[in-house]
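Working notes, structure below.
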Amino acid sequence: MPKSLEFTILATHNFARASIMRLPHGQVNTPVYMPVGTKGAMKGVTYQEMDDLGCRLLLANTYHLAYKPGGDLLEKVGGLHNFVNWKHNILTDSGGFQMVSMSKLSEVTEEGVKFESPYDKTIMYLRPEDSIHTQNQIGADIIMALDDVVRTTTDGPRMQEANERTTRWLDRDIAAHKRKHDQNLFPIIQGGVDPKLREQSLNDLIKREANGYAIGGLAGGEDKVSFWKTVAQCTTKLPINKPRYLMGVGYPVDVVVCSCLGVDMFDCVFSTRTARFGTAFTDYGFLKLKNNQAANVFEPIQKGCQCQACKSYTQSYLHYLIAKEEVACHLISIHNLNYLIQLMLNLRQSIIDGNLIEFVNGFLKKWYQKEGKIPQWIIEALDYSKLPVQQL
Ligand SMILES: [Zn+2]
């Protein structure tokens, strides 16, 4: 029987790596950005469009799918791949994070998470066994462990408790997992920004010998120095031959820096959420298409971009459309997704070609041109990755 995940590293630059991850629904080139493919963030972007953008691994929210169409129906049709006619790979989250973030009332006990449904106000339970059962029904290629979610900036006994409970829940997840042959369960490293707790979580979870690992509990309001140091602590310690997924990080600069620190997978709703407010990603930072300035720019969002928006429309026209129609947000979403997917591909290629230093310097020079200065934390993080950066 073929393995459910094979990870082959093609080239490295210190911690950074260009790899191929083979999953049940095909090959994924990493580092990779994964768009969120269900409900909310991807409004209006179709699966066909994501396929056209080159997306080979997308993220789906267990929480929304469990509510509608429901796990039983998805199981009946042979899983989410069949239901939505997506032939590439899918990753599902555990549902825990969304339940806690969307519900006004939630309570965590050793048994699981108790919360009030934001849809119909009924009280529901999510135990590790429930999350894994639903994820088995959905049938994604990568599924996530249910963790005890706490704010990144929490410290003291509550963080310690969450850390230890996450490991106990992982053992229940593993016991409940019925499709080990074709679904990969990724544990989530916790510990906030406390190096001792991170170390403990790393030790406990690495012992469980998963096919890949996620770094959780970041992008939650911590300072940038703590952020990169925590990422580096995890990537230094995690097994080299397994993929690492940094959860909830998708700001272009963070994705570049963390790829250099050895992260392989990213997800974040920021690219499409910010598109809804008319903000586009460019090599020179963020472009606010709602600003009146855009009315007089008869050029695409970014010259040379091959996305549908840039090939067909000027900034001036998109500015005019934003006030009137949803289609503008759709076009900017497509552009932003394309930007991140291409950014990852170019970074990956530079690792293979042996010129990651030039790539990173070129990227930062343009991104921070307006500000005139690269933030110190970036220079330090890249220095740690043996990537000397020239200040502007
Ligand atoms: Zn574009």
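In the structure tokens, each chain is lettered A, B, ... as it comes, each chain's residues begin at 1, and ligands are numbered from 1 in order of appearance.
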
**Asked** DSSP says helix (DSSP H, G or I) for which residues of region 123-358 of chain A? Put them as a ChimeraX atom specification?
**Response** /A:128-138,157-176,195-206,224-237,252-260,270-275,292-296,308-312,315-322,327-353,356-358

**Request:** Might you pull out every residue within 9 Å of region 184-194 of chain A, with only C-alpha atoms counted and same-chain residues fewer than 2 positions away left off, and present them as an NGL selection string?
**Result:** :A and (4-5 or 23 or 140-155 or 159-160 or 162-163 or 166-167 or 170 or 173-174 or 177 or 179-182 or 196-202 or 205-206 or 208 or 210-218 or 222 or 226-227 or 229-230 or 234 or 245 or 247)

**Request:** For Glu75 (chain A), work out the shell of residues within 10 Å, counting only C-alpha atoms and skipping chain neighbours fewer than 6 positions away, then give it as number ranges by chain.
**Result:** A: 82-83, 134-139

Can you write out as JSON lines which residues of chain A fall within 7 Å of ligand 1, alongside each residue's closest atom pair and its distance in Å to one decimal, counting only C-alpha atoms and all ligand atoms and ordering rows by chain and ascending residue number?
```
{"residue": "A:Ile301", "atom": "CA", "partner": "ligand 1", "partner_atom_place_in_ligand_line": "1 (Zn)", "distance": 6.1}
{"residue": "A:Gln302", "atom": "CA", "partner": "ligand 1", "partner_atom_place_in_ligand_line": "1 (Zn)", "distance": 5.9}
{"residue": "A:Cys305", "atom": "CA", "partner": "ligand 1", "partner_atom_place_in_ligand_line": "1 (Zn)", "distance": 4.6}
{"residue": "A:Gln306", "atom": "CA", "partner": "ligand 1", "partner_atom_place_in_ligand_line": "1 (Zn)", "distance": 5.9}
{"residue": "A:Cys307", "atom": "CA", "partner": "ligand 1", "partner_atom_place_in_ligand_line": "1 (Zn)", "distance": 4.3}
{"residue": "A:Gln308", "atom": "CA", "partner": "ligand 1", "partner_atom_place_in_ligand_line": "1 (Zn)", "distance": 6.6}
{"residue": "A:Ala309", "atom": "CA", "partner": "ligand 1", "partner_atom_place_in_ligand_line": "1 (Zn)", "distance": 5.3}
{"residue": "A:Cys310", "atom": "CA", "partner": "ligand 1", "partner_atom_place_in_ligand_line": "1 (Zn)", "distance": 4.2}
{"residue": "A:His335", "atom": "CA", "partner": "ligand 1", "partner_atom_place_in_ligand_line": "1 (Zn)", "distance": 4.1}
{"residue": "A:Asn338", "atom": "CA", "partner": "ligand 1", "partner_atom_place_in_ligand_line": "1 (Zn)", "distance": 6.7}
{"residue": "A:Tyr339", "atom": "CA", "partner": "ligand 1", "partner_atom_place_in_ligand_line": "1 (Zn)", "distance": 6.8}
```

**Prompt:** Which neighbours of Asn291 (chain A) fall inside 10 Å, counting only C-alpha atoms, when residues of the same chain fewer than 4 positions from it are skipped, and could you give them as a list in words?
**Reply:** Gly278, Thr279, Leu287, Ala295 and His319 of chain A

Prev. selection, C-alpha atoms, output as a PDB file, in the first residue's frame:
```pdb
ATOM      1  CA  GLY A 278     -10.304  46.741  -1.519  1.00  0.00           C
ATOM      2  CA  THR A 279      -6.668  46.096  -0.533  1.00  0.00           C
ATOM      3  CA  LEU A 287      -2.358  48.950  -2.549  1.00  0.00           C
ATOM      4  CA  ALA A 295      -8.992  56.526 -10.064  1.00  0.00           C
ATOM      5  CA  HIS A 319     -11.584  51.561  -8.076  1.00  0.00           C
TER       6      HIS A 319
END
```
